[in-house]
Amino acid sequence: MSHKQTPSQTVGPYFAYGLTPGQYNYRFAEVASGSMADDKVAGEHIRIIGQVLDGEGVPINDAMIELWQADATGRYAGDSDVRANTGFSGFGRFGTGTDEENRFIFDTVKPGSVENGAAPHVSIIVFMRGMLTHAYTRAYFSDEVEANANDPVLSSVPEGRRETLVAMRNEEDGNVTYRFDIHMQGDAETVFFDV
Amino acid sequence: MTENDTEREPPGIGPRDWKSHPAYVSPEYKSTVLRGPTKPLVPITHSLSELTGPVYGAECVGELDHDLTRNGIKDGEPLGERMIVSGRVLDEAGRPIRNTLVEVWQANAAGRYIHLVDQHNAPLDPNFFGGGRCVTDDEGRYRFLTVKPGAYPWGNHPNAWRPNHIHFSLFGPSIATRLVTQMYFPGDPLLEHDPIFLGTPEIARNRLISKFSLDVTEADFALGYIFDIVLRGPDQTPMET
């Protein structure tokens, strides 16, 4: 290769007015937020919620989470080279500094299976002060037991660590919430992929 | 997948070059010790989930978003040394990455961020916001007009100061090419004391330092700096069929 990759550096503690300005009440339009799907978007409307925990189990209040997913039929939005745009951008961003429990909160739709044999999942990118390079993980869904058992990526993960990649479904008053905590370190360290 | 879907498979992206990127745990930068993953990353074969990503074109960029000397004005011009930062976003084969979103944020000329949690007692500038964005052109080129950000103290160790820098966020064609980085300035004496800059492998550090350019400099107006950015890709291994 003729050119070398530009190194990553930390997002730092002050990303909010540049990357998540609306969520943090700065007067600058934002390109993405935690509100990924309005009522018009087809599919099962869900909330994905969780904390990012450091090596001592303390919730991190200055992480930024990005979420990328297919729509309810398993299609990714994008330009015409990839697949037809579905009207659902599939991309969300949320900083953990505005919720009193330092949670990230994404209101979206449950994705469909993208490819034969792949269980529904969302891709997650984790940025924070104290991390010089971002980390990738995936969240699968606890009610997709059979699909998860056959998913090639999940199956490639050591069995004892697979549960770190499964978001737990909870239904209350007709609202569907999936809980997905991200453990940066420790016995329950979330699986991060070399994407 | 149907045959048609296979034809539309996006191009492959080569691996992250770990010799170019900082390790997750870098003890001189203290917050990494409890925050960086410690278990080995799990390999993953790229699927559509990794080879696609959000597409943000010109429609999401406002008229003044690229001009930080004007996008935060309340009653005058921001203080500081006006500067232009421009460069090309390329892949590893040197091909331009067109129509990709570049987001920036930075401290003001006094070294103060507008962010509410920044407690440094340098003054805020009522006419400077510090955030901007633009989309690359057909040559992969971007351009921002701003003021040079100041250095500022931080709590990593006694008398710790961040060198002057501008934060950059880029997408490229997929989430696998995602990059968040920082641009530094040539000749900054703080670089050799900064654990964030020094957390980068030595052979790759100079890629984070912009170059002063008289060509980019505009007479009687603003100094010019060039900062080219290289994202991952393309994949050099033959495609599976």
# chains A, B, ... in the order shown; residues from 1 in each chain; ligands from 1

call {"tool": "residues_around", "arguments": {"residues": "Glu115 (chain A)", "least_positions_apart": "2", "cutoff": "8 Å", "atoms": "only C-alpha atoms", "output": "PyMOL selection string"}}
result
(chain A and resi 74+113+117-118) or (chain B and resi 1)

call {"tool": "write_last_selection", "arguments": {"atoms": "all heavy atoms", "output": "mmCIF file, in the first residue's frame"}}
result
data_model
loop_
_atom_site.group_PDB
_atom_site.id
_atom_site.type_symbol
_atom_site.label_atom_id
_atom_site.label_comp_id
_atom_site.auth_asym_id
_atom_site.auth_seq_id
_atom_site.Cartn_x
_atom_site.Cartn_y
_atom_site.Cartn_z
ATOM 1 N N GLY A 74 -33.954 -6.272 7.223
ATOM 2 C CA GLY A 74 -32.577 -6.737 7.063
ATOM 3 C C GLY A 74 -31.779 -5.983 6.030
ATOM 4 O O GLY A 74 -30.743 -6.454 5.573
ATOM 5 N N SER A 113 -32.789 -10.075 9.885
ATOM 6 C CA SER A 113 -31.566 -10.799 9.539
ATOM 7 C C SER A 113 -31.034 -10.282 8.206
ATOM 8 O O SER A 113 -31.786 -10.139 7.244
ATOM 9 C CB SER A 113 -31.870 -12.294 9.453
ATOM 10 O OG SER A 113 -30.727 -12.964 8.962
ATOM 11 N N GLY A 117 -28.476 -17.135 7.614
ATOM 12 C CA GLY A 117 -27.684 -17.710 8.693
ATOM 13 C C GLY A 117 -27.236 -16.717 9.730
ATOM 14 O O GLY A 117 -26.721 -17.096 10.779
ATOM 15 N N ALA A 118 -27.407 -15.421 9.446
ATOM 16 C CA ALA A 118 -26.981 -14.406 10.417
ATOM 17 C C ALA A 118 -28.145 -14.004 11.301
ATOM 18 O O ALA A 118 -29.237 -13.709 10.813
ATOM 19 C CB ALA A 118 -26.427 -13.186 9.693
ATOM 20 N N MET B 1 -28.369 -15.183 0.202
ATOM 21 C CA MET B 1 -28.476 -13.984 -0.634
ATOM 22 C C MET B 1 -28.778 -14.358 -2.073
ATOM 23 O O MET B 1 -28.360 -15.393 -2.556
ATOM 24 C CB MET B 1 -27.164 -13.188 -0.595
ATOM 25 C CG MET B 1 -26.915 -12.512 0.728
ATOM 26 S SD MET B 1 -25.693 -11.207 0.574
ATOM 27 C CE MET B 1 -24.329 -12.123 -0.083
#

call {"tool": "residues_around", "arguments": {"residues": "Glu144 (chain A)", "least_positions_apart": "6", "cutoff": "12 Å", "atoms": "only C-alpha atoms", "output": "ChimeraX atom specification"}}
result
/A:110-113,118-121,150-151,166-169

call {"tool": "closest_residue", "arguments": {"among": "B:His157, B:His167, B:Arg88, B:Lys148", "to": "chain A", "atoms": "only C-alpha atoms"}}
result
B:His167

call {"tool": "interface_residues", "arguments": {"of": "chain A", "to": "chain B", "cutoff": "6 Å", "atoms": "only C-alpha atoms", "output": "NGL selection string"}}
result
:A and (1-9 or 14 or 18 or 54-55 or 78 or 82 or 130-132 or 184-185 or 192-194)

call {"tool": "select_by_dssp", "arguments": {"residues": "region 31-239 of chain B", "states": "alpha helix (DSSP H)", "output": "MDAnalysis selection string"}}
result
chainID B and resid 32:35 48:51 195:198

call {"tool": "write_last_selection", "arguments": {"atoms": "N, CA and C atoms", "output": "compact mmCIF listing (two decimals), in the first residue's frame"}}
result
# COMPACT_ATOMS: atom_id res chain seq x y z
N THR B 32 -6.59 5.28 30.56
CA THR B 32 -6.70 4.05 29.76
C THR B 32 -6.65 2.80 30.63
N VAL B 33 -6.08 2.93 31.82
CA VAL B 33 -5.81 1.75 32.64
C VAL B 33 -7.11 1.03 33.06
N LEU B 34 -8.16 1.78 33.33
CA LEU B 34 -9.43 1.16 33.72
C LEU B 34 -10.45 1.15 32.58
N ARG B 35 -10.07 1.68 31.44
CA ARG B 35 -11.06 1.82 30.36
C ARG B 35 -10.76 0.99 29.11
N LEU B 48 -21.78 -7.71 5.44
CA LEU B 48 -22.40 -6.42 5.12
C LEU B 48 -22.43 -5.49 6.33
N SER B 49 -22.54 -6.08 7.53
CA SER B 49 -22.62 -5.25 8.73
C SER B 49 -21.37 -4.39 8.92
N GLU B 50 -20.23 -4.89 8.46
CA GLU B 50 -18.98 -4.13 8.61
C GLU B 50 -18.64 -3.35 7.35
N LEU B 51 -19.18 -3.78 6.21
CA LEU B 51 -18.80 -3.17 4.93
C LEU B 51 -19.76 -2.08 4.48
N PRO B 195 1.12 12.31 26.71
CA PRO B 195 0.91 10.85 26.66
C PRO B 195 -0.13 10.41 25.63
N ILE B 196 -0.99 11.32 25.18
CA ILE B 196 -1.97 10.93 24.15
C ILE B 196 -1.26 10.83 22.80
N PHE B 197 -0.49 11.84 22.46
CA PHE B 197 0.31 11.78 21.22
C PHE B 197 1.32 10.63 21.30
N LEU B 198 2.00 10.52 22.46
CA LEU B 198 3.04 9.49 22.60
C LEU B 198 2.48 8.08 22.72

call {"tool": "closest_residue", "arguments": {"among": "A:Asp38, A:Asp62, A:Asp71, A:Glu163", "to": "Met128 (chain A)", "atoms": "only C-alpha atoms"}}
result
A:Asp62

call {"tool": "select_by_dssp", "arguments": {"residues": "region 10-176 of chain A", "states": "strand (DSSP E or B)", "output": "PyMOL selection string"}}
result
chain A and resi 35+45-53+59+63-68+91-95+103-109+121-128+135-141+166-172+175-176

call {"tool": "write_last_selection", "arguments": {"atoms": "N, CA and C atoms", "output": "short mmCIF file (atom, residue, chain, number, x, y, z; two decimals), in the first residue's frame"}}
result
data_model
loop_
_atom_site.label_atom_id
_atom_site.label_comp_id
_atom_site.auth_asym_id
_atom_site.auth_seq_id
_atom_site.Cartn_x
_atom_site.Cartn_y
_atom_site.Cartn_z
N SER A 35 -32.50 9.05 18.69
CA SER A 35 -33.84 8.84 18.11
C SER A 35 -33.67 8.42 16.66
N HIS A 45 -40.84 -1.48 17.16
CA HIS A 45 -40.11 -0.37 17.79
C HIS A 45 -39.56 -0.80 19.15
N ILE A 46 -38.29 -0.58 19.31
CA ILE A 46 -37.61 -1.03 20.52
C ILE A 46 -36.72 0.09 21.06
N ARG A 47 -36.34 -0.07 22.31
CA ARG A 47 -35.33 0.82 22.91
C ARG A 47 -34.15 -0.05 23.31
N ILE A 48 -32.95 0.39 22.96
CA ILE A 48 -31.72 -0.30 23.40
C ILE A 48 -31.04 0.63 24.39
N ILE A 49 -30.81 0.09 25.58
CA ILE A 49 -30.35 0.94 26.67
C ILE A 49 -29.24 0.22 27.42
N GLY A 50 -28.28 0.96 27.94
CA GLY A 50 -27.22 0.31 28.71
C GLY A 50 -26.22 1.30 29.26
N GLN A 51 -25.37 0.80 30.11
CA GLN A 51 -24.28 1.61 30.66
C GLN A 51 -22.96 1.11 30.09
N VAL A 52 -21.96 1.98 30.13
CA VAL A 52 -20.60 1.59 29.80
C VAL A 52 -19.84 1.60 31.13
N LEU A 53 -19.27 0.45 31.50
CA LEU A 53 -18.69 0.31 32.84
C LEU A 53 -17.17 0.14 32.75
N PRO A 59 -20.02 3.30 36.17
CA PRO A 59 -20.55 3.78 34.89
C PRO A 59 -19.76 4.99 34.38
N ALA A 63 -18.57 8.60 27.64
CA ALA A 63 -18.41 7.74 26.46
C ALA A 63 -19.37 8.20 25.37
N MET A 64 -19.02 7.91 24.14
CA MET A 64 -19.96 8.12 23.04
C MET A 64 -20.15 6.78 22.33
N ILE A 65 -21.42 6.41 22.18
CA ILE A 65 -21.75 5.14 21.54
C ILE A 65 -22.36 5.43 20.19
N GLU A 66 -21.90 4.70 19.17
CA GLU A 66 -22.53 4.77 17.86
C GLU A 66 -23.14 3.41 17.53
N LEU A 67 -24.29 3.46 16.90
CA LEU A 67 -25.02 2.24 16.58
C LEU A 67 -25.31 2.21 15.08
N TRP A 68 -25.06 1.07 14.47
CA TRP A 68 -25.30 0.92 13.02
C TRP A 68 -26.05 -0.38 12.81
N PHE A 91 -28.38 4.69 11.63
CA PHE A 91 -27.22 5.15 12.38
C PHE A 91 -27.65 6.04 13.53
N GLY A 92 -27.11 5.77 14.71
CA GLY A 92 -27.42 6.59 15.88
C GLY A 92 -26.17 6.88 16.68
N ARG A 93 -26.26 7.96 17.48
CA ARG A 93 -25.15 8.38 18.34
C ARG A 93 -25.72 8.83 19.67
N PHE A 94 -25.05 8.47 20.75
CA PHE A 94 -25.53 8.94 22.05
C PHE A 94 -24.36 9.02 23.02
N GLY A 95 -24.25 10.14 23.71
CA GLY A 95 -23.23 10.31 24.74
C GLY A 95 -23.79 9.93 26.10
N ARG A 103 -26.66 6.27 31.14
CA ARG A 103 -26.99 5.25 30.15
C ARG A 103 -26.96 5.85 28.75
N PHE A 104 -26.73 4.99 27.75
CA PHE A 104 -27.03 5.36 26.36
C PHE A 104 -28.42 4.84 26.06
N ILE A 105 -29.14 5.57 25.23
CA ILE A 105 -30.53 5.24 24.96
C ILE A 105 -30.79 5.41 23.46
N PHE A 106 -31.12 4.32 22.79
CA PHE A 106 -31.44 4.38 21.36
C PHE A 106 -32.87 3.91 21.14
N ASP A 107 -33.67 4.76 20.53
CA ASP A 107 -35.02 4.37 20.12
C ASP A 107 -34.97 4.03 18.64
N THR A 108 -35.25 2.77 18.35
CA THR A 108 -35.04 2.31 16.98
C THR A 108 -36.04 1.20 16.66
N VAL A 109 -35.78 0.47 15.59
CA VAL A 109 -36.59 -0.72 15.29
C VAL A 109 -35.67 -1.94 15.35
N HIS A 121 -28.82 -8.38 14.59
CA HIS A 121 -27.87 -7.75 15.51
C HIS A 121 -27.69 -6.29 15.13
N VAL A 122 -27.14 -5.53 16.04
CA VAL A 122 -26.70 -4.17 15.72
C VAL A 122 -25.19 -4.10 15.96
N SER A 123 -24.51 -3.29 15.17
CA SER A 123 -23.08 -3.02 15.40
C SER A 123 -22.95 -1.82 16.31
N ILE A 124 -21.99 -1.90 17.22
CA ILE A 124 -21.80 -0.82 18.19
C ILE A 124 -20.34 -0.39 18.17
N ILE A 125 -20.12 0.93 18.12
CA ILE A 125 -18.76 1.47 18.20
C ILE A 125 -18.67 2.29 19.49
N VAL A 126 -17.61 2.03 20.25
CA VAL A 126 -17.44 2.65 21.56
C VAL A 126 -16.26 3.61 21.50
N PHE A 127 -16.52 4.86 21.88
CA PHE A 127 -15.47 5.89 21.96
C PHE A 127 -15.49 6.47 23.37
N MET A 128 -14.35 6.86 23.89
CA MET A 128 -14.36 7.58 25.16
C MET A 128 -13.00 8.19 25.46
N ALA A 135 -13.52 0.93 19.91
CA ALA A 135 -13.74 -0.52 20.00
C ALA A 135 -15.08 -0.87 19.36
N TYR A 136 -15.10 -2.04 18.71
CA TYR A 136 -16.33 -2.52 18.05
C TYR A 136 -16.91 -3.70 18.80
N THR A 137 -18.23 -3.69 18.96
CA THR A 137 -18.89 -4.89 19.45
C THR A 137 -20.22 -5.05 18.70
N ARG A 138 -20.97 -6.08 19.06
CA ARG A 138 -22.28 -6.31 18.47
C ARG A 138 -23.25 -6.63 19.58
N ALA A 139 -24.50 -6.22 19.41
CA ALA A 139 -25.56 -6.65 20.32
C ALA A 139 -26.54 -7.53 19.56
N TYR A 140 -26.69 -8.75 20.07
CA TYR A 140 -27.72 -9.67 19.57
C TYR A 140 -28.93 -9.57 20.51
N PHE A 141 -29.99 -10.32 20.22
CA PHE A 141 -31.25 -10.15 20.96
C PHE A 141 -31.62 -11.45 21.69
N VAL A 166 -25.28 -10.42 24.12
CA VAL A 166 -26.74 -10.60 23.99
C VAL A 166 -27.48 -9.56 24.84
N ALA A 167 -28.29 -8.74 24.18
CA ALA A 167 -29.12 -7.75 24.87
C ALA A 167 -30.37 -8.42 25.41
N MET A 168 -30.71 -8.13 26.66
CA MET A 168 -31.83 -8.81 27.33
C MET A 168 -33.14 -8.07 27.11
N ARG A 169 -34.12 -8.82 26.59
CA ARG A 169 -35.42 -8.22 26.28
C ARG A 169 -36.27 -8.09 27.53
N ASN A 170 -36.96 -6.96 27.62
CA ASN A 170 -37.90 -6.72 28.70
C ASN A 170 -39.11 -5.98 28.13
N GLU A 171 -40.32 -6.52 28.42
CA GLU A 171 -41.53 -5.86 27.94
C GLU A 171 -42.30 -5.32 29.11
N GLU A 172 -42.66 -4.07 29.04
CA GLU A 172 -43.42 -3.45 30.12
C GLU A 172 -44.37 -2.43 29.52
N ASN A 175 -44.06 -1.58 25.95
CA ASN A 175 -42.78 -1.05 25.45
C ASN A 175 -41.71 -2.13 25.53
N VAL A 176 -40.99 -2.27 24.45
CA VAL A 176 -39.94 -3.29 24.40
C VAL A 176 -38.58 -2.62 24.59
#

call {"tool": "residues_around", "arguments": {"residues": "Lys74 (chain B)", "least_positions_apart": "6", "cutoff": "10 Å", "atoms": "only C-alpha atoms", "output": "JSON, numbers by chain"}}
result
{"B": [125, 126, 127, 128, 129]}

call {"tool": "closest_residue", "arguments": {"among": "B:Leu145, B:Ala110, B:Leu79, B:Ala122", "to": "Asn164 (chain B)", "atoms": "only C-alpha atoms"}}
result
B:Ala110

call {"tool": "atom_distance", "arguments": {"atom1": "CA of Thr69 (chain B)", "atom2": "CA of Met83 (chain B)"}}
result
9.2 Å
